[in-house]
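Student: What follows is the file query04.pdb, containing PDB, C-alpha atoms:
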```pdb
MODEL        1
ATOM      1  CA  MET A  28      42.008 -13.510  18.359
ATOM      2  CA  THR A  29      42.210 -12.232  14.780
ATOM      3  CA  THR A  30      39.140 -10.711  13.147
ATOM      4  CA  ALA A  31      38.463  -9.554   9.612
ATOM      5  CA  HIS A  32      39.245  -5.995  10.744
ATOM      6  CA  ASP A  33      42.498  -6.733  12.608
ATOM      7  CA  TYR A  34      45.244  -5.302  10.417
ATOM      8  CA  SER A  35      48.028  -5.764  12.971
ATOM      9  CA  TYR A  36      49.507  -8.520  10.815
ATOM     10  CA  GLY A  37      49.658  -6.189   7.829
ATOM     11  CA  ILE A  38      47.991  -6.039   4.467
ATOM     12  CA  ASP A  39      49.250  -7.518   1.233
ATOM     13  CA  PRO A  40      49.444  -4.374  -0.956
ATOM     14  CA  GLU A  41      48.931  -6.268  -4.235
ATOM     15  CA  HIS A  42      45.806  -7.988  -2.920
ATOM     16  CA  ALA A  43      44.414  -4.734  -1.501
ATOM     17  CA  LEU A  44      45.026  -2.824  -4.733
ATOM     18  CA  LYS A  45      43.432  -5.492  -6.913
ATOM     19  CA  TYR A  46      40.489  -5.876  -4.539
ATOM     20  CA  ALA A  47      39.906  -2.119  -4.718
ATOM     21  CA  ILE A  48      40.060  -2.060  -8.512
ATOM     22  CA  GLN A  49      37.499  -4.860  -8.776
ATOM     23  CA  HIS A  50      35.103  -2.892  -6.591
ATOM     24  CA  HIS A  51      35.748   0.461  -8.238
ATOM     25  CA  SER A  52      32.812   1.921 -10.124
ATOM     26  CA  GLY A  53      33.276   1.537 -13.838
ATOM     27  CA  ASP A  54      34.135  -1.617 -15.683
ATOM     28  CA  ARG A  55      37.171  -0.411 -17.630
ATOM     29  CA  THR A  56      39.696   0.375 -14.941
ATOM     30  CA  GLU A  57      43.249  -0.961 -15.156
ATOM     31  CA  ILE A  58      46.323  -0.976 -12.972
ATOM     32  CA  VAL A  59      49.486  -0.452 -14.998
ATOM     33  CA  GLU A  60      52.690  -0.715 -12.975
ATOM     34  CA  GLY A  61      50.763   0.338  -9.854
ATOM     35  CA  ILE A  62      48.983   3.309 -11.464
ATOM     36  CA  ILE A  63      45.169   3.130 -11.540
ATOM     37  CA  THR A  64      43.872   4.197 -14.929
ATOM     38  CA  ASN A  65      40.291   4.602 -16.105
ATOM     39  CA  VAL A  66      40.098   3.434 -19.706
ATOM     40  CA  THR A  67      37.831   5.649 -21.776
ATOM     41  CA  PRO A  68      38.231   4.671 -25.433
ATOM     42  CA  SER A  69      37.266   7.030 -28.239
ATOM     43  CA  TRP A  70      34.842   6.047 -30.976
ATOM     44  CA  ALA A  71      37.746   5.650 -33.430
ATOM     45  CA  HIS A  72      39.440   3.300 -30.959
ATOM     46  CA  GLU A  73      36.265   1.252 -30.485
ATOM     47  CA  ARG A  74      35.741   1.115 -34.262
ATOM     48  CA  ALA A  75      39.243  -0.342 -34.799
ATOM     49  CA  ALA A  76      38.634  -2.997 -32.111
ATOM     50  CA  LYS A  77      35.264  -3.825 -33.686
ATOM     51  CA  LEU A  78      36.880  -4.338 -37.108
ATOM     52  CA  ILE A  79      39.320  -6.868 -35.629
ATOM     53  CA  ARG A  80      36.606  -8.557 -33.559
ATOM     54  CA  ARG A  81      34.351  -9.038 -36.611
ATOM     55  CA  GLN A  82      37.151 -10.707 -38.550
ATOM     56  CA  ILE A  83      38.013 -13.225 -35.850
ATOM     57  CA  GLU A  84      34.598 -14.002 -34.337
ATOM     58  CA  THR A  85      33.673 -16.888 -36.675
ATOM     59  CA  ARG A  86      36.994 -18.621 -36.044
ATOM     60  CA  VAL A  87      36.735 -17.872 -32.304
ATOM     61  CA  ASP A  88      33.334 -19.609 -32.246
ATOM     62  CA  GLU A  89      34.739 -22.598 -34.171
ATOM     63  CA  LEU A  90      37.503 -22.896 -31.556
ATOM     64  CA  GLY A  91      34.972 -22.953 -28.710
ATOM     65  CA  CYS A  92      36.177 -19.625 -27.392
ATOM     66  CA  ALA A  93      34.859 -16.202 -26.465
ATOM     67  CA  GLU A  94      36.285 -12.805 -27.338
ATOM     68  CA  GLY A  95      35.841  -9.744 -25.182
ATOM     69  CA  SER A  96      37.385  -7.231 -22.818
ATOM     70  CA  GLY A  97      37.537  -9.271 -19.618
ATOM     71  CA  ASN A  98      39.908  -8.670 -16.736
ATOM     72  CA  LEU A  99      43.429 -10.110 -16.801
ATOM     73  CA  ASP A 100      45.374 -10.438 -13.560
ATOM     74  CA  LEU A 101      49.164 -10.507 -13.494
ATOM     75  CA  PRO A 102      49.896 -12.105 -10.102
ATOM     76  CA  ARG A 103      52.901 -10.961  -8.063
ATOM     77  CA  SER A 104      52.835  -7.608  -9.852
ATOM     78  CA  PRO A 105      50.937  -4.312  -9.533
ATOM     79  CA  ASN A 106      49.153  -4.946 -12.855
ATOM     80  CA  TRP A 107      45.504  -5.628 -13.721
ATOM     81  CA  TYR A 108      44.684  -5.226 -17.404
ATOM     82  CA  VAL A 109      41.497  -4.871 -19.414
ATOM     83  CA  PRO A 110      42.592  -5.600 -22.997
ATOM     84  CA  ASP A 111      40.626  -4.294 -25.952
ATOM     85  CA  ILE A 112      40.122  -7.910 -27.037
ATOM     86  CA  ALA A 113      41.141 -11.188 -25.448
ATOM     87  CA  VAL A 114      40.262 -14.611 -26.840
ATOM     88  CA  VAL A 115      39.760 -17.268 -24.154
ATOM     89  CA  PRO A 116      38.283 -20.785 -24.057
ATOM     90  CA  ASP A 117      34.532 -20.787 -23.297
ATOM     91  CA  GLU A 118      34.990 -22.887 -20.147
ATOM     92  CA  LEU A 119      37.319 -20.248 -18.676
ATOM     93  CA  ALA A 120      35.112 -17.346 -19.743
ATOM     94  CA  ASP A 121      32.185 -18.971 -17.962
ATOM     95  CA  GLY A 122      33.939 -18.725 -14.573
ATOM     96  CA  GLY A 123      33.343 -15.011 -14.119
ATOM     97  CA  GLY A 124      36.689 -14.096 -12.530
ATOM     98  CA  ALA A 125      39.849 -12.539 -13.842
ATOM     99  CA  LEU A 126      42.020 -14.729 -16.041
ATOM    100  CA  LEU A 127      45.760 -14.909 -16.558
ATOM    101  CA  PRO A 128      47.458 -13.879 -19.815
ATOM    102  CA  ASP A 129      48.670 -17.458 -20.410
ATOM    103  CA  GLN A 130      45.024 -18.602 -20.441
ATOM    104  CA  THR A 131      44.346 -16.536 -23.564
ATOM    105  CA  LEU A 132      44.840 -17.523 -27.184
ATOM    106  CA  LEU A 133      45.189 -13.924 -28.384
ATOM    107  CA  ILE A 134      45.310 -10.460 -26.850
ATOM    108  CA  VAL A 135      44.664  -7.345 -28.944
ATOM    109  CA  GLU A 136      45.476  -3.813 -27.822
ATOM    110  CA  VAL A 137      44.503  -0.787 -29.896
ATOM    111  CA  THR A 138      46.535   2.317 -29.120
ATOM    112  CA  SER A 139      45.109   5.665 -28.134
ATOM    113  CA  GLU A 140      47.143   8.829 -27.723
ATOM    114  CA  SER A 141      47.019   8.412 -23.948
ATOM    115  CA  SER A 142      47.990   4.715 -23.911
ATOM    116  CA  ALA A 143      50.230   4.213 -26.952
ATOM    117  CA  GLU A 144      53.525   3.863 -25.068
ATOM    118  CA  THR A 145      51.922   1.607 -22.459
ATOM    119  CA  ASP A 146      50.557  -0.691 -25.187
ATOM    120  CA  ARG A 147      53.813  -0.642 -27.168
ATOM    121  CA  VAL A 148      56.239  -1.187 -24.310
ATOM    122  CA  VAL A 149      54.846  -2.003 -20.869
ATOM    123  CA  GLN A 150      51.932  -4.259 -21.758
ATOM    124  CA  ARG A 151      53.894  -5.994 -24.517
ATOM    125  CA  LYS A 152      56.620  -6.844 -21.989
ATOM    126  CA  ARG A 153      54.158  -7.967 -19.316
ATOM    127  CA  TYR A 154      52.006 -10.036 -21.675
ATOM    128  CA  ALA A 155      55.135 -11.894 -22.819
ATOM    129  CA  GLU A 156      56.381 -12.352 -19.254
ATOM    130  CA  TYR A 157      53.001 -13.818 -18.253
ATOM    131  CA  GLY A 158      52.810 -16.179 -21.228
ATOM    132  CA  ALA A 159      50.190 -14.660 -23.566
ATOM    133  CA  PRO A 160      50.878 -16.684 -26.746
ATOM    134  CA  LEU A 161      49.887 -13.976 -29.252
ATOM    135  CA  TYR A 162      49.797 -10.202 -28.804
ATOM    136  CA  LEU A 163      48.431  -8.092 -31.646
ATOM    137  CA  LEU A 164      49.244  -4.393 -31.416
ATOM    138  CA  VAL A 165      47.056  -2.154 -33.558
ATOM    139  CA  ASP A 166      48.963   1.133 -33.448
ATOM    140  CA  ARG A 167      46.587   3.855 -34.559
ATOM    141  CA  MET A 168      49.223   6.572 -34.020
ATOM    142  CA  ASP A 169      51.780   4.909 -36.336
ATOM    143  CA  LYS A 170      49.084   3.322 -38.543
ATOM    144  CA  THR A 171      50.685  -0.111 -38.210
ATOM    145  CA  VAL A 172      49.839  -3.604 -36.985
ATOM    146  CA  THR A 173      52.401  -5.861 -35.290
ATOM    147  CA  LEU A 174      51.952  -9.454 -34.148
ATOM    148  CA  PHE A 175      54.140 -10.725 -31.303
ATOM    149  CA  ALA A 176      54.542 -14.456 -30.561
ATOM    150  CA  GLY A 177      56.872 -16.761 -28.636
ATOM    151  CA  PRO A 178      56.453 -15.289 -25.145
ATOM    152  CA  GLY A 179      59.212 -15.473 -22.563
ATOM    153  CA  ARG A 180      60.467 -13.731 -19.445
ATOM    154  CA  LEU A 181      62.527 -11.315 -21.538
ATOM    155  CA  GLY A 182      59.814 -10.523 -24.073
ATOM    156  CA  TYR A 183      58.465 -11.972 -27.285
ATOM    157  CA  THR A 184      60.928 -13.851 -29.474
ATOM    158  CA  GLU A 185      58.950 -13.542 -32.727
ATOM    159  CA  VAL A 186      57.797 -10.261 -34.249
ATOM    160  CA  ASP A 187      55.755  -9.988 -37.454
ATOM    161  CA  GLY A 188      55.656  -6.322 -38.405
ATOM    162  CA  PRO A 189      55.101  -3.522 -38.052
ATOM    163  CA  HIS A 190      52.894  -3.692 -41.125
ATOM    164  CA  PRO A 191      51.289  -0.517 -42.477
ATOM    165  CA  PHE A 192      47.508  -0.415 -42.388
ATOM    166  CA  GLY A 193      46.252  -2.060 -45.567
ATOM    167  CA  THR A 194      48.681  -5.005 -45.369
ATOM    168  CA  PRO A 195      47.082  -8.406 -44.691
ATOM    169  CA  VAL A 196      48.436  -9.783 -41.395
ATOM    170  CA  PRO A 197      48.341 -13.559 -40.917
ATOM    171  CA  LEU A 198      47.187 -14.836 -37.529
ATOM    172  CA  PRO A 199      48.865 -18.219 -36.986
ATOM    173  CA  GLU A 200      47.177 -21.379 -35.757
ATOM    174  CA  PRO A 201      44.896 -21.998 -34.056
ATOM    175  CA  PHE A 202      43.392 -19.063 -35.985
ATOM    176  CA  GLY A 203      44.835 -19.608 -39.449
ATOM    177  CA  ILE A 204      43.297 -16.452 -40.924
ATOM    178  CA  ASP A 205      44.566 -13.269 -42.527
ATOM    179  CA  LEU A 206      43.439  -9.996 -40.991
ATOM    180  CA  ASP A 207      42.365  -7.263 -43.370
ATOM    181  CA  THR A 208      43.897  -4.099 -41.877
ATOM    182  CA  SER A 209      42.754  -1.714 -44.603
ATOM    183  CA  GLY A 210      39.854  -0.231 -42.645
ATOM    184  CA  LEU A 211      41.730   0.394 -39.414
TER
ENDMDL
END
```
Starting from the file, lay out its structure as structure tokens.
Tutor:
Amino acid sequence: MTTAHDYSYGIDPEHALKYAIQHHSGDRTEIVEGIITNVTPSWAHERAAKLIRRQIETRVDELGCAEGSGNLDLPRSPNWYVPDIAVVPDELADGGGALLPDQTLLIVEVTSESSAETDRVVQRKRYAEYGAPLYLLVDRMDKTVTLFAGPGRLGYTEVDGPHPFGTPVPLPEPFGIDLDTSGL
């Protein structure tokens, strides 16, 4: 007889790791390539995310979507992300659980000194592999903004940028707006 506490059949490490992270104290904890990371953004980081959020929120509402920092699961991998901003349809946001990158319309990551390489390389690769249609990288270290589109297993096929802060960056449909990057 197998009980909930009988581990003789083994434990799925991915499931155990992601279960633990969901029950870890603190709401901004990620797993990046199997490494648990507490995300503690600076005020400058939060300010940059706020400036992007304010520019897209009207269009997000018109699209029947929500923007926020909800959990994103990357199944069959040791990754669990909490993006700075993700735009998702309202009906998916209402479910309360983690979503998949391909269920988003846009993901925004704002670099910090501690996460810049992860945002530039690892998360960009994983977001593309898991089908996130648009990935906006706000690189505070390089003072640039880059939009990635056309996701695939080998990465994004379309790159718009890097654009220096101050350059308007067009977000394609369904957004159809230009981001003002001058205050970032």
Student: Quick one: which region 141-195 of chain A residues come within 9 Å of region 93-112 of chain A, and what is the nearest atom pair for each with the distance in Å to one decimal, counting all atoms listed in the file, rows ordered by chain and ascending number, as JSON lines?
Tutor:
```
{"residue": "A:Gln150", "atom": "CA", "partner": "A:Tyr108", "partner_atom": "CA", "distance": 8.5}
{"residue": "A:Arg153", "atom": "CA", "partner": "A:Leu101", "partner_atom": "CA", "distance": 8.1}
{"residue": "A:Tyr154", "atom": "CA", "partner": "A:Leu101", "partner_atom": "CA", "distance": 8.7}
{"residue": "A:Tyr157", "atom": "CA", "partner": "A:Leu101", "partner_atom": "CA", "distance": 7.0}
```
Student: Enter the distance from CA of Val115 (chain A) to CA of Thr131 (chain A), in Å, rounded to one decimal.
Tutor: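 That distance, rounded to one decimal, is 4.7 Å.
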Student: Quick check, in Å to one decimal: how far apart do CA of Leu161 (chain A) and CA of Ile204 (chain A) lie?
Tutor: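 About the pair CA of Leu161 (chain A) and CA of Ile204 (chain A): they are 13.6 Å apart.
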Student: What's around Met168 (chain A) at 8 Å? Count only C-alpha atoms, leave out sequence neighbours fewer than 5 positions away in its own chain, and write the answer as a ChimeraX atom specification.
Tutor: /A:138-140,143
Student: Apply the PyMOL selection byres ((chain A and resi 87) around 10) to the displayed file and report the matching residues as a list in words.
Tutor: Arg80, Gln82, Ile83, Glu84, Thr85, Arg86, Asp88, Glu89, Leu90, Gly91, Cys92, Ala93, Glu94, Val114, Val115, Pro116, Asp117, Leu132, Pro201 and Phe202 of chain A
Student: Would you save the residues of that selection, restricted to C-alpha atoms, as a PDB file, keeping the file's coordinate frame?
Tutor:
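File written: selection.pdb
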```pdb
ATOM      1  CA  ARG A  80      36.606  -8.557 -33.559  1.00  0.00           C
ATOM      2  CA  GLN A  82      37.151 -10.707 -38.550  1.00  0.00           C
ATOM      3  CA  ILE A  83      38.013 -13.225 -35.850  1.00  0.00           C
ATOM      4  CA  GLU A  84      34.598 -14.002 -34.337  1.00  0.00           C
ATOM      5  CA  THR A  85      33.673 -16.888 -36.675  1.00  0.00           C
ATOM      6  CA  ARG A  86      36.994 -18.621 -36.044  1.00  0.00           C
ATOM      7  CA  ASP A  88      33.334 -19.609 -32.246  1.00  0.00           C
ATOM      8  CA  GLU A  89      34.739 -22.598 -34.171  1.00  0.00           C
ATOM      9  CA  LEU A  90      37.503 -22.896 -31.556  1.00  0.00           C
ATOM     10  CA  GLY A  91      34.972 -22.953 -28.710  1.00  0.00           C
ATOM     11  CA  CYS A  92      36.177 -19.625 -27.392  1.00  0.00           C
ATOM     12  CA  ALA A  93      34.859 -16.202 -26.465  1.00  0.00           C
ATOM     13  CA  GLU A  94      36.285 -12.805 -27.338  1.00  0.00           C
ATOM     14  CA  VAL A 114      40.262 -14.611 -26.840  1.00  0.00           C
ATOM     15  CA  VAL A 115      39.760 -17.268 -24.154  1.00  0.00           C
ATOM     16  CA  PRO A 116      38.283 -20.785 -24.057  1.00  0.00           C
ATOM     17  CA  ASP A 117      34.532 -20.787 -23.297  1.00  0.00           C
ATOM     18  CA  LEU A 132      44.840 -17.523 -27.184  1.00  0.00           C
ATOM     19  CA  PRO A 201      44.896 -21.998 -34.056  1.00  0.00           C
ATOM     20  CA  PHE A 202      43.392 -19.063 -35.985  1.00  0.00           C
TER      21      PHE A 202
END
```
